[in-house]
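Coordinates as given in structure_27.pdb (PDB, C-alpha atoms and all ligand atoms):
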```pdb
ATOM      1  CA  MET R   1      83.778 -39.159   9.942  1.00  0.00           C
ATOM      2  CA  ARG R   2      82.540 -41.587  12.588  1.00  0.00           C
ATOM      3  CA  GLY R   3      84.711 -43.141  15.322  1.00  0.00           C
ATOM      4  CA  PHE R   4      84.360 -46.051  17.732  1.00  0.00           C
ATOM      5  CA  TYR R   5      85.527 -46.158  21.340  1.00  0.00           C
ATOM      6  CA  ILE R   6      84.944 -49.229  23.491  1.00  0.00           C
ATOM      7  CA  GLY R   7      85.423 -49.558  27.215  1.00  0.00           C
ATOM      8  CA  ARG R   8      83.837 -51.473  30.050  1.00  0.00           C
ATOM      9  CA  PHE R   9      82.893 -48.172  31.686  1.00  0.00           C
ATOM     10  CA  GLN R  10      82.602 -49.747  35.150  1.00  0.00           C
ATOM     11  CA  PRO R  11      81.806 -46.947  35.872  1.00  0.00           C
ATOM     12  CA  PHE R  12      82.093 -44.197  33.223  1.00  0.00           C
ATOM     13  CA  HIS R  13      84.422 -41.636  34.861  1.00  0.00           C
ATOM     14  CA  ASP R  14      86.069 -38.257  34.246  1.00  0.00           C
ATOM     15  CA  GLY R  15      88.990 -39.881  32.382  1.00  0.00           C
ATOM     16  CA  HIS R  16      86.549 -41.399  29.885  1.00  0.00           C
ATOM     17  CA  LEU R  17      84.709 -38.104  29.510  1.00  0.00           C
ATOM     18  CA  HIS R  18      87.993 -36.308  28.888  1.00  0.00           C
ATOM     19  CA  MET R  19      88.849 -38.834  26.176  1.00  0.00           C
ATOM     20  CA  VAL R  20      85.471 -38.380  24.522  1.00  0.00           C
ATOM     21  CA  GLU R  21      86.037 -34.615  24.566  1.00  0.00           C
ATOM     22  CA  GLU R  22      89.415 -35.084  22.878  1.00  0.00           C
ATOM     23  CA  ILE R  23      87.955 -37.481  20.307  1.00  0.00           C
ATOM     24  CA  ALA R  24      85.180 -34.945  19.602  1.00  0.00           C
ATOM     25  CA  GLU R  25      87.829 -32.542  18.271  1.00  0.00           C
ATOM     26  CA  GLU R  26      88.662 -35.028  15.508  1.00  0.00           C
ATOM     27  CA  ILE R  27      85.345 -36.501  14.376  1.00  0.00           C
ATOM     28  CA  ASP R  28      81.640 -35.695  13.892  1.00  0.00           C
ATOM     29  CA  GLU R  29      80.031 -38.818  15.296  1.00  0.00           C
ATOM     30  CA  LEU R  30      81.109 -41.347  17.908  1.00  0.00           C
ATOM     31  CA  VAL R  31      79.952 -44.846  18.718  1.00  0.00           C
ATOM     32  CA  LEU R  32      80.525 -45.651  22.375  1.00  0.00           C
ATOM     33  CA  GLY R  33      80.744 -49.423  22.789  1.00  0.00           C
ATOM     34  CA  ILE R  34      79.753 -50.774  26.197  1.00  0.00           C
ATOM     35  CA  GLY R  35      82.227 -53.668  26.459  1.00  0.00           C
ATOM     36  CA  SER R  36      81.607 -56.940  28.312  1.00  0.00           C
ATOM     37  CA  ALA R  37      77.915 -56.061  28.085  1.00  0.00           C
ATOM     38  CA  GLY R  38      76.792 -59.396  29.514  1.00  0.00           C
ATOM     39  CA  ASP R  39      78.775 -58.957  32.728  1.00  0.00           C
ATOM     40  CA  SER R  40      77.357 -57.394  35.885  1.00  0.00           C
ATOM     41  CA  HIS R  41      77.104 -57.876  39.631  1.00  0.00           C
ATOM     42  CA  THR R  42      80.783 -58.702  40.186  1.00  0.00           C
ATOM     43  CA  THR R  43      83.379 -56.492  41.846  1.00  0.00           C
ATOM     44  CA  ARG R  44      85.147 -56.029  38.506  1.00  0.00           C
ATOM     45  CA  ASN R  45      81.933 -55.478  36.529  1.00  0.00           C
ATOM     46  CA  PRO R  46      79.327 -54.234  39.000  1.00  0.00           C
ATOM     47  CA  PHE R  47      76.951 -52.474  36.575  1.00  0.00           C
ATOM     48  CA  THR R  48      74.663 -53.924  33.905  1.00  0.00           C
ATOM     49  CA  ALA R  49      74.858 -52.895  30.251  1.00  0.00           C
ATOM     50  CA  GLY R  50      71.605 -50.942  30.659  1.00  0.00           C
ATOM     51  CA  GLU R  51      72.942 -49.062  33.677  1.00  0.00           C
ATOM     52  CA  ARG R  52      76.118 -48.208  31.764  1.00  0.00           C
ATOM     53  CA  VAL R  53      74.035 -47.072  28.776  1.00  0.00           C
ATOM     54  CA  MET R  54      72.360 -44.576  31.124  1.00  0.00           C
ATOM     55  CA  MET R  55      75.678 -43.372  32.572  1.00  0.00           C
ATOM     56  CA  VAL R  56      77.321 -42.859  29.197  1.00  0.00           C
ATOM     57  CA  THR R  57      74.279 -41.340  27.471  1.00  0.00           C
ATOM     58  CA  LYS R  58      73.691 -38.767  30.201  1.00  0.00           C
ATOM     59  CA  ALA R  59      77.392 -37.968  30.700  1.00  0.00           C
ATOM     60  CA  VAL R  60      77.972 -37.040  27.040  1.00  0.00           C
ATOM     61  CA  GLU R  61      74.621 -35.462  26.219  1.00  0.00           C
ATOM     62  CA  ASP R  62      75.867 -31.868  26.532  1.00  0.00           C
ATOM     63  CA  LEU R  63      78.781 -32.372  24.137  1.00  0.00           C
ATOM     64  CA  ASP R  64      78.598 -31.099  20.573  1.00  0.00           C
ATOM     65  CA  LEU R  65      78.851 -34.619  19.181  1.00  0.00           C
ATOM     66  CA  THR R  66      76.374 -37.132  17.805  1.00  0.00           C
ATOM     67  CA  THR R  67      76.781 -40.282  19.894  1.00  0.00           C
ATOM     68  CA  TYR R  68      75.433 -43.818  19.669  1.00  0.00           C
ATOM     69  CA  VAL R  69      75.745 -46.082  22.716  1.00  0.00           C
ATOM     70  CA  VAL R  70      75.922 -49.761  21.761  1.00  0.00           C
ATOM     71  CA  PRO R  71      76.295 -52.677  24.193  1.00  0.00           C
ATOM     72  CA  ILE R  72      78.794 -55.271  22.925  1.00  0.00           C
ATOM     73  CA  GLU R  73      78.900 -58.706  24.560  1.00  0.00           C
ATOM     74  CA  ASP R  74      82.202 -60.544  24.857  1.00  0.00           C
ATOM     75  CA  LEU R  75      82.895 -63.387  22.453  1.00  0.00           C
ATOM     76  CA  ASP R  76      84.953 -66.465  23.183  1.00  0.00           C
ATOM     77  CA  ARG R  77      86.797 -66.043  19.871  1.00  0.00           C
ATOM     78  CA  ASN R  78      89.076 -63.049  19.455  1.00  0.00           C
ATOM     79  CA  SER R  79      89.690 -63.736  15.772  1.00  0.00           C
ATOM     80  CA  VAL R  80      86.144 -62.733  14.825  1.00  0.00           C
ATOM     81  CA  TRP R  81      85.573 -60.080  17.505  1.00  0.00           C
ATOM     82  CA  VAL R  82      85.955 -57.118  15.108  1.00  0.00           C
ATOM     83  CA  SER R  83      83.248 -58.567  12.816  1.00  0.00           C
ATOM     84  CA  HIS R  84      81.059 -59.031  15.882  1.00  0.00           C
ATOM     85  CA  VAL R  85      81.601 -55.364  16.843  1.00  0.00           C
ATOM     86  CA  GLN R  86      80.908 -54.213  13.287  1.00  0.00           C
ATOM     87  CA  SER R  87      77.706 -56.246  13.171  1.00  0.00           C
ATOM     88  CA  MET R  88      76.393 -54.411  16.264  1.00  0.00           C
ATOM     89  CA  SER R  89      77.606 -50.877  15.557  1.00  0.00           C
ATOM     90  CA  PRO R  90      76.865 -48.058  13.128  1.00  0.00           C
ATOM     91  CA  GLY R  91      79.704 -48.034  10.589  1.00  0.00           C
ATOM     92  CA  PHE R  92      82.951 -46.333  11.663  1.00  0.00           C
ATOM     93  CA  GLN R  93      86.257 -45.432  10.020  1.00  0.00           C
ATOM     94  CA  VAL R  94      88.542 -45.160  13.052  1.00  0.00           C
ATOM     95  CA  ALA R  95      88.778 -46.933  16.418  1.00  0.00           C
ATOM     96  CA  TYR R  96      90.149 -45.259  19.549  1.00  0.00           C
ATOM     97  CA  SER R  97      91.815 -47.476  22.137  1.00  0.00           C
ATOM     98  CA  ASN R  98      94.946 -48.116  24.115  1.00  0.00           C
ATOM     99  CA  ASN R  99      93.983 -51.670  25.010  1.00  0.00           C
ATOM    100  CA  PRO R 100      96.719 -53.795  23.345  1.00  0.00           C
ATOM    101  CA  LEU R 101      94.348 -56.614  22.368  1.00  0.00           C
ATOM    102  CA  VAL R 102      91.721 -54.243  20.991  1.00  0.00           C
ATOM    103  CA  ILE R 103      94.377 -52.378  18.975  1.00  0.00           C
ATOM    104  CA  ARG R 104      95.819 -55.584  17.573  1.00  0.00           C
ATOM    105  CA  LEU R 105      92.433 -56.992  16.576  1.00  0.00           C
ATOM    106  CA  PHE R 106      91.338 -53.795  14.814  1.00  0.00           C
ATOM    107  CA  GLU R 107      94.694 -53.431  13.041  1.00  0.00           C
ATOM    108  CA  GLU R 108      94.595 -57.016  11.799  1.00  0.00           C
ATOM    109  CA  ALA R 109      91.106 -56.306  10.464  1.00  0.00           C
ATOM    110  CA  GLY R 110      92.419 -53.248   8.596  1.00  0.00           C
ATOM    111  CA  VAL R 111      90.710 -50.626  10.787  1.00  0.00           C
ATOM    112  CA  GLU R 112      92.685 -47.477  11.596  1.00  0.00           C
ATOM    113  CA  VAL R 113      93.412 -47.208  15.340  1.00  0.00           C
ATOM    114  CA  ARG R 114      94.278 -44.020  17.211  1.00  0.00           C
ATOM    115  CA  GLN R 115      95.821 -44.184  20.661  1.00  0.00           C
ATOM    116  CA  SER R 116      96.276 -41.683  23.429  1.00  0.00           C
ATOM    117  CA  PRO R 117      98.423 -41.885  26.583  1.00  0.00           C
ATOM    118  CA  MET R 118      95.260 -40.946  28.473  1.00  0.00           C
ATOM    119  CA  PHE R 119      93.760 -44.371  27.867  1.00  0.00           C
ATOM    120  CA  ARG R 120      96.087 -46.091  30.364  1.00  0.00           C
ATOM    121  CA  ARG R 121      94.327 -44.168  33.078  1.00  0.00           C
ATOM    122  CA  ASP R 122      91.039 -45.893  32.251  1.00  0.00           C
ATOM    123  CA  VAL R 123      92.077 -49.136  33.852  1.00  0.00           C
ATOM    124  CA  LEU R 124      93.699 -47.503  36.855  1.00  0.00           C
ATOM    125  CA  GLU R 125      90.863 -45.148  37.550  1.00  0.00           C
ATOM    126  CA  GLY R 126      88.165 -47.785  37.075  1.00  0.00           C
ATOM    127  CA  ALA R 127      89.772 -50.064  39.671  1.00  0.00           C
ATOM    128  CA  GLU R 128      90.429 -47.111  41.967  1.00  0.00           C
ATOM    129  CA  LEU R 129      86.805 -46.024  41.725  1.00  0.00           C
ATOM    130  CA  ARG R 130      85.449 -49.474  42.513  1.00  0.00           C
ATOM    131  CA  GLU R 131      87.836 -49.706  45.471  1.00  0.00           C
ATOM    132  CA  ARG R 132      86.607 -46.354  46.765  1.00  0.00           C
ATOM    133  CA  MET R 133      82.971 -47.410  46.437  1.00  0.00           C
ATOM    134  CA  ILE R 134      83.645 -50.604  48.360  1.00  0.00           C
ATOM    135  CA  HIS R 135      85.351 -48.695  51.180  1.00  0.00           C
ATOM    136  CA  ASP R 136      82.904 -45.805  51.169  1.00  0.00           C
ATOM    137  CA  ARG R 137      85.592 -43.263  50.283  1.00  0.00           C
ATOM    138  CA  ASP R 138      84.925 -40.243  48.090  1.00  0.00           C
ATOM    139  CA  TRP R 139      84.380 -41.475  44.522  1.00  0.00           C
ATOM    140  CA  GLU R 140      81.798 -38.896  43.448  1.00  0.00           C
ATOM    141  CA  ALA R 141      84.502 -36.326  42.623  1.00  0.00           C
ATOM    142  CA  LEU R 142      85.993 -38.623  39.954  1.00  0.00           C
ATOM    143  CA  VAL R 143      82.887 -39.156  37.819  1.00  0.00           C
ATOM    144  CA  PRO R 144      80.580 -36.785  35.894  1.00  0.00           C
ATOM    145  CA  PRO R 145      77.565 -35.531  37.936  1.00  0.00           C
ATOM    146  CA  ALA R 146      75.206 -37.532  35.675  1.00  0.00           C
ATOM    147  CA  VAL R 147      77.012 -40.740  36.679  1.00  0.00           C
ATOM    148  CA  VAL R 148      76.647 -39.905  40.384  1.00  0.00           C
ATOM    149  CA  GLU R 149      72.901 -39.580  39.744  1.00  0.00           C
ATOM    150  CA  VAL R 150      72.641 -42.909  37.923  1.00  0.00           C
ATOM    151  CA  ILE R 151      74.662 -44.793  40.551  1.00  0.00           C
ATOM    152  CA  SER R 152      72.530 -43.231  43.255  1.00  0.00           C
ATOM    153  CA  GLU R 153      69.297 -44.137  41.392  1.00  0.00           C
ATOM    154  CA  ILE R 154      70.318 -47.803  41.235  1.00  0.00           C
ATOM    155  CA  ASP R 155      71.907 -47.825  44.704  1.00  0.00           C
ATOM    156  CA  GLY R 156      75.106 -48.939  42.984  1.00  0.00           C
ATOM    157  CA  ALA R 157      77.588 -48.202  45.748  1.00  0.00           C
ATOM    158  CA  SER R 158      75.750 -50.419  48.186  1.00  0.00           C
ATOM    159  CA  ARG R 159      75.558 -53.138  45.509  1.00  0.00           C
ATOM    160  CA  ILE R 160      79.316 -53.221  44.984  1.00  0.00           C
ATOM    161  CA  ARG R 161      79.923 -53.217  48.761  1.00  0.00           C
ATOM    162  CA  ARG R 162      77.589 -56.172  49.170  1.00  0.00           C
ATOM    163  CA  ILE R 163      79.159 -58.043  46.254  1.00  0.00           C
ATOM    164  CA  ALA R 164      82.651 -57.454  47.649  1.00  0.00           C
ATOM    165  CA  GLU R 165      81.558 -59.157  50.871  1.00  0.00           C
ATOM    166  CA  THR R 166      80.316 -62.241  49.058  1.00  0.00           C
ATOM    167  CA  ASP R 167      82.602 -62.400  45.999  1.00  0.00           C
ATOM    168  CA  SER R 168      84.669 -65.409  46.868  1.00  0.00           C
ATOM    169  CA  ASN R 169      85.971 -66.128  43.391  1.00  0.00           C
ATOM    170  CA  GLY R 170      89.084 -64.071  44.027  1.00  0.00           C
ATOM    171  CA  GLU R 171      88.310 -61.606  41.236  1.00  0.00           C
ATOM    172  CA  THR R 172      90.588 -58.613  41.086  1.00  0.00           C
ATOM    173  CA  LEU R 173      89.215 -55.130  40.730  1.00  0.00           C
TER     174      LEU R 173
HETATM  175  O1  LIG M   1      89.739 -51.394  27.380  1.00  0.00           O
HETATM  176  P1  LIG M   1      88.607 -51.965  28.187  1.00  0.00           P
HETATM  177  O2  LIG M   1      87.949 -50.976  29.115  1.00  0.00           O
HETATM  178  O3  LIG M   1      88.990 -53.254  28.890  1.00  0.00           O
HETATM  179  O4  LIG M   1      87.462 -52.345  27.148  1.00  0.00           O
HETATM  180  C1  LIG M   1      87.683 -53.255  26.120  1.00  0.00           C
HETATM  181  C2  LIG M   1      86.438 -54.098  25.997  1.00  0.00           C
HETATM  182  O5  LIG M   1      86.523 -54.859  24.794  1.00  0.00           O
HETATM  183  C3  LIG M   1      86.264 -55.086  27.160  1.00  0.00           C
HETATM  184  O6  LIG M   1      84.890 -55.147  27.496  1.00  0.00           O
HETATM  185  C4  LIG M   1      86.716 -56.394  26.528  1.00  0.00           C
HETATM  186  O7  LIG M   1      86.088 -57.533  27.105  1.00  0.00           O
HETATM  187  C5  LIG M   1      86.256 -56.195  25.090  1.00  0.00           C
HETATM  188  N1  LIG M   1      86.946 -57.120  24.174  1.00  0.00           N
HETATM  189  C6  LIG M   1      86.372 -58.319  23.943  1.00  0.00           C
HETATM  190  C7  LIG M   1      86.985 -59.253  23.112  1.00  0.00           C
HETATM  191  C8  LIG M   1      86.288 -60.568  22.913  1.00  0.00           C
HETATM  192  O8  LIG M   1      85.157 -60.666  23.346  1.00  0.00           O
HETATM  193  N2  LIG M   1      86.886 -61.550  22.290  1.00  0.00           N
HETATM  194  C9  LIG M   1      88.195 -58.956  22.505  1.00  0.00           C
HETATM  195  C10 LIG M   1      88.761 -57.692  22.740  1.00  0.00           C
HETATM  196  C11 LIG M   1      88.118 -56.784  23.588  1.00  0.00           C
END
```
Before we go any further, please render this structure as structure tokens.
Amino acid sequence: MRGFYIGRFQPFHDGHLHMVEEIAEEIDELVLGIGSAGDSHTTRNPFTAGERVMMVTKAVEDLDLTTYVVPIEDLDRNSVWVSHVQSMSPGFQVAYSNNPLVIRLFEEAGVEVRQSPMFRRDVLEGAELRERMIHDRDWEALVPPAVVEVISEIDGASRIRRIAETDSNGETL
């Protein structure tokens, strides 16, 4: 059976990895959707789709699970978003999420959704991590070593600090 798990992964952190490990107990193959793929260089979405593809691919490579990493751009039309996802992804039978909108859209489209209390932490930890990067506080301990390497390769922490100085659109983390 193949599953689908979408997140913005800004950045991919230990909570995400833990979820993938839990999902791996239930299925053989997993599609990891890189959500809001067109967004980057903002405090809320600092990393490009390509950078997130690197983070996710390297972070899960040691797991005993076949994974496909697929960038998914946002669509200004929720009613057809599931078709959009399906058009970009290998076929899947079950979607994993705790995002209320994502759950609702998949359910309305007749796709089985599995939730976990762990998912709530995604949002909290993502914002916390970006905050720590901006203020140069220890964030490395909260992400897989492969993600530290990718963020270092692209000088990501200095990017988000610089963006935070100039982001005047009042975006929240
Ligand atoms: O749960 P998070 O990490 O927010 O990830 C969900 C992802 O799915 C986000 O990138 C979100 O933008 C995306 N999404 C997009 C649409 C749309 O484009 N209409 C609808 C539902 C979810």
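Distances here use all atoms listed in the file; by that measure, the residue among R:Phe47, R:Pro71, R:Gly110, R:Pro100 closest to R:Ser87 is R:Pro71.
In this structure, atom CA of R:Leu105 sits 13.6 Å away from atom CA of R:Asp74.
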Quiz item: Written as a list in words, what is the full residue list that the PyMOL selection byres (((chain R and resi 108) around 12) and not hetatm) yields on the file shown?
Solution: Asn78, Ser79, Val80, Trp81, Val82, Ser83, Leu101, Val102, Ile103, Arg104, Leu105, Phe106, Glu107, Ala109, Gly110, Val111, Glu112 and Val113 of chain R
Exercise. Taking (80.4, -53.3, 39.5) in the file's own coordinates, collect the residues within 8 Å, counting only C-alpha atoms, and hand them back as number ranges by chain.
Key: R: 10-11, 40-47, 130, 156, 159-160
Quiz item: Can you tell me which residues sit at most 7 Å away from ligand LIG 1 (chain M), counting only C-alpha atoms and all ligand atoms, written as a PyMOL selection string?
Solution: chain R and resi 6-9+34-36+73-78+81+97-99+101-102+122-123
Export C-alpha atoms of the chosen residues as a PDB file, in the frame of the given file?
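What landed in result27.pdb:
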```pdb
ATOM      1  CA  ILE R   6      84.944 -49.229  23.491  1.00  0.00           C
ATOM      2  CA  GLY R   7      85.423 -49.558  27.215  1.00  0.00           C
ATOM      3  CA  ARG R   8      83.837 -51.473  30.050  1.00  0.00           C
ATOM      4  CA  PHE R   9      82.893 -48.172  31.686  1.00  0.00           C
ATOM      5  CA  ILE R  34      79.753 -50.774  26.197  1.00  0.00           C
ATOM      6  CA  GLY R  35      82.227 -53.668  26.459  1.00  0.00           C
ATOM      7  CA  SER R  36      81.607 -56.940  28.312  1.00  0.00           C
ATOM      8  CA  GLU R  73      78.900 -58.706  24.560  1.00  0.00           C
ATOM      9  CA  ASP R  74      82.202 -60.544  24.857  1.00  0.00           C
ATOM     10  CA  LEU R  75      82.895 -63.387  22.453  1.00  0.00           C
ATOM     11  CA  ASP R  76      84.953 -66.465  23.183  1.00  0.00           C
ATOM     12  CA  ARG R  77      86.797 -66.043  19.871  1.00  0.00           C
ATOM     13  CA  ASN R  78      89.076 -63.049  19.455  1.00  0.00           C
ATOM     14  CA  TRP R  81      85.573 -60.080  17.505  1.00  0.00           C
ATOM     15  CA  SER R  97      91.815 -47.476  22.137  1.00  0.00           C
ATOM     16  CA  ASN R  98      94.946 -48.116  24.115  1.00  0.00           C
ATOM     17  CA  ASN R  99      93.983 -51.670  25.010  1.00  0.00           C
ATOM     18  CA  LEU R 101      94.348 -56.614  22.368  1.00  0.00           C
ATOM     19  CA  VAL R 102      91.721 -54.243  20.991  1.00  0.00           C
ATOM     20  CA  ASP R 122      91.039 -45.893  32.251  1.00  0.00           C
ATOM     21  CA  VAL R 123      92.077 -49.136  33.852  1.00  0.00           C
TER      22      VAL R 123
END
```
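If only C-alpha atoms are the atoms counted, then among R:Glu131, R:His18, R:Val31, R:Met1 the closest residue to R:Ser89 is R:Val31.
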Quiz item: Taking only C-alpha atoms into account, which of R:His84, R:Asp62, R:Val94, R:Glu26 comes nearest R:Tyr5?
Solution: R:Val94
Quiz prompt | Given all atoms listed in the file as the counted atoms, nearest of R:Met54, R:Leu129, R:Ile154, R:Ile72 to R:Asp39 | solution = R:Ile72
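Note that atom CA of R:Gly33 and atom CA of R:Arg161 are 26.3 Å apart.
Minimum atom-to-atom distance to R:Thr48, evaluated using only C-alpha atoms, belongs to R:Ile151 out of R:Ile151, R:Phe4, R:Asp136, R:Ala164.
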Quiz item: Pick from R:Val70, R:Leu32, R:Leu17, R:Ala37: nearest to R:Ala146, with all atoms listed in the file counted?
Solution: R:Leu17
Determine the residue set returned by the PyMOL selection byres (((chain R and resi 144) around 9) and not hetatm) for the present structure, and present it as a PDB file with C-alpha atoms, in the frame of the given file.
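The resulting out09.pdb:
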```pdb
ATOM      1  CA  PHE R  12      82.093 -44.197  33.223  1.00  0.00           C
ATOM      2  CA  HIS R  13      84.422 -41.636  34.861  1.00  0.00           C
ATOM      3  CA  ASP R  14      86.069 -38.257  34.246  1.00  0.00           C
ATOM      4  CA  LEU R  17      84.709 -38.104  29.510  1.00  0.00           C
ATOM      5  CA  MET R  55      75.678 -43.372  32.572  1.00  0.00           C
ATOM      6  CA  ALA R  59      77.392 -37.968  30.700  1.00  0.00           C
ATOM      7  CA  GLU R 140      81.798 -38.896  43.448  1.00  0.00           C
ATOM      8  CA  ALA R 141      84.502 -36.326  42.623  1.00  0.00           C
ATOM      9  CA  LEU R 142      85.993 -38.623  39.954  1.00  0.00           C
ATOM     10  CA  VAL R 143      82.887 -39.156  37.819  1.00  0.00           C
ATOM     11  CA  PRO R 145      77.565 -35.531  37.936  1.00  0.00           C
ATOM     12  CA  ALA R 146      75.206 -37.532  35.675  1.00  0.00           C
ATOM     13  CA  VAL R 147      77.012 -40.740  36.679  1.00  0.00           C
ATOM     14  CA  VAL R 148      76.647 -39.905  40.384  1.00  0.00           C
TER      15      VAL R 148
END
```
Once the PyMOL selection byres (((chain R and resi 67) around 10) and not hetatm) has been applied to the shown file, what residues remain in the selection, as a CSV table (one decimal) with C-alpha atoms, keeping the file's coordinate frame?
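What ended up in selection-v8.csv:
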```csv
chain,number,residue,atom,x,y,z
R,2,ARG,CA,82.5,-41.6,12.6
R,3,GLY,CA,84.7,-43.1,15.3
R,4,PHE,CA,84.4,-46.1,17.7
R,24,ALA,CA,85.2,-34.9,19.6
R,28,ASP,CA,81.6,-35.7,13.9
R,29,GLU,CA,80.0,-38.8,15.3
R,30,LEU,CA,81.1,-41.3,17.9
R,31,VAL,CA,80.0,-44.8,18.7
R,32,LEU,CA,80.5,-45.7,22.4
R,56,VAL,CA,77.3,-42.9,29.2
R,57,THR,CA,74.3,-41.3,27.5
R,60,VAL,CA,78.0,-37.0,27.0
R,61,GLU,CA,74.6,-35.5,26.2
R,63,LEU,CA,78.8,-32.4,24.1
R,64,ASP,CA,78.6,-31.1,20.6
R,65,LEU,CA,78.9,-34.6,19.2
R,66,THR,CA,76.4,-37.1,17.8
R,68,TYR,CA,75.4,-43.8,19.7
R,69,VAL,CA,75.7,-46.1,22.7
R,70,VAL,CA,75.9,-49.8,21.8
```
Using the atoms already present, construct N, CA and C atoms for stretch 94-107 of chain R and hand them back as a PDB file, in the coordinates of the input.
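Saved result, part.pdb, follows:
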```pdb
ATOM      1  N   VAL R  94      87.364 -45.160  12.176  1.00  0.00           N
ATOM      2  CA  VAL R  94      88.542 -45.160  13.052  1.00  0.00           C
ATOM      3  C   VAL R  94      88.147 -45.641  14.445  1.00  0.00           C
ATOM      4  N   ALA R  95      89.032 -46.447  15.058  1.00  0.00           N
ATOM      5  CA  ALA R  95      88.778 -46.933  16.418  1.00  0.00           C
ATOM      6  C   ALA R  95      89.779 -46.283  17.370  1.00  0.00           C
ATOM      7  N   TYR R  96      89.298 -45.865  18.523  1.00  0.00           N
ATOM      8  CA  TYR R  96      90.149 -45.259  19.549  1.00  0.00           C
ATOM      9  C   TYR R  96      90.319 -46.259  20.687  1.00  0.00           C
ATOM     10  N   SER R  97      91.579 -46.553  21.026  1.00  0.00           N
ATOM     11  CA  SER R  97      91.815 -47.476  22.137  1.00  0.00           C
ATOM     12  C   SER R  97      93.277 -47.435  22.528  1.00  0.00           C
ATOM     13  N   ASN R  98      93.565 -47.864  23.748  1.00  0.00           N
ATOM     14  CA  ASN R  98      94.946 -48.116  24.115  1.00  0.00           C
ATOM     15  C   ASN R  98      95.060 -49.505  24.709  1.00  0.00           C
ATOM     16  N   ASN R  99      93.993 -50.288  24.543  1.00  0.00           N
ATOM     17  CA  ASN R  99      93.983 -51.670  25.010  1.00  0.00           C
ATOM     18  C   ASN R  99      94.736 -52.503  23.956  1.00  0.00           C
ATOM     19  N   PRO R 100      95.874 -53.116  24.341  1.00  0.00           N
ATOM     20  CA  PRO R 100      96.719 -53.795  23.345  1.00  0.00           C
ATOM     21  C   PRO R 100      95.979 -54.834  22.502  1.00  0.00           C
ATOM     22  N   LEU R 101      95.086 -55.595  23.127  1.00  0.00           N
ATOM     23  CA  LEU R 101      94.348 -56.614  22.368  1.00  0.00           C
ATOM     24  C   LEU R 101      93.388 -55.961  21.379  1.00  0.00           C
ATOM     25  N   VAL R 102      92.675 -54.936  21.863  1.00  0.00           N
ATOM     26  CA  VAL R 102      91.721 -54.243  20.991  1.00  0.00           C
ATOM     27  C   VAL R 102      92.459 -53.633  19.790  1.00  0.00           C
ATOM     28  N   ILE R 103      93.588 -52.998  20.052  1.00  0.00           N
ATOM     29  CA  ILE R 103      94.377 -52.378  18.975  1.00  0.00           C
ATOM     30  C   ILE R 103      94.789 -53.423  17.951  1.00  0.00           C
ATOM     31  N   ARG R 104      95.323 -54.520  18.453  1.00  0.00           N
ATOM     32  CA  ARG R 104      95.819 -55.584  17.573  1.00  0.00           C
ATOM     33  C   ARG R 104      94.685 -56.147  16.694  1.00  0.00           C
ATOM     34  N   LEU R 105      93.543 -56.394  17.329  1.00  0.00           N
ATOM     35  CA  LEU R 105      92.433 -56.992  16.576  1.00  0.00           C
ATOM     36  C   LEU R 105      91.917 -56.046  15.497  1.00  0.00           C
ATOM     37  N   PHE R 106      91.799 -54.750  15.828  1.00  0.00           N
ATOM     38  CA  PHE R 106      91.338 -53.795  14.814  1.00  0.00           C
ATOM     39  C   PHE R 106      92.374 -53.658  13.694  1.00  0.00           C
ATOM     40  N   GLU R 107      93.660 -53.592  14.072  1.00  0.00           N
ATOM     41  CA  GLU R 107      94.694 -53.431  13.041  1.00  0.00           C
ATOM     42  C   GLU R 107      94.700 -54.625  12.096  1.00  0.00           C
TER      43      GLU R 107
END
```
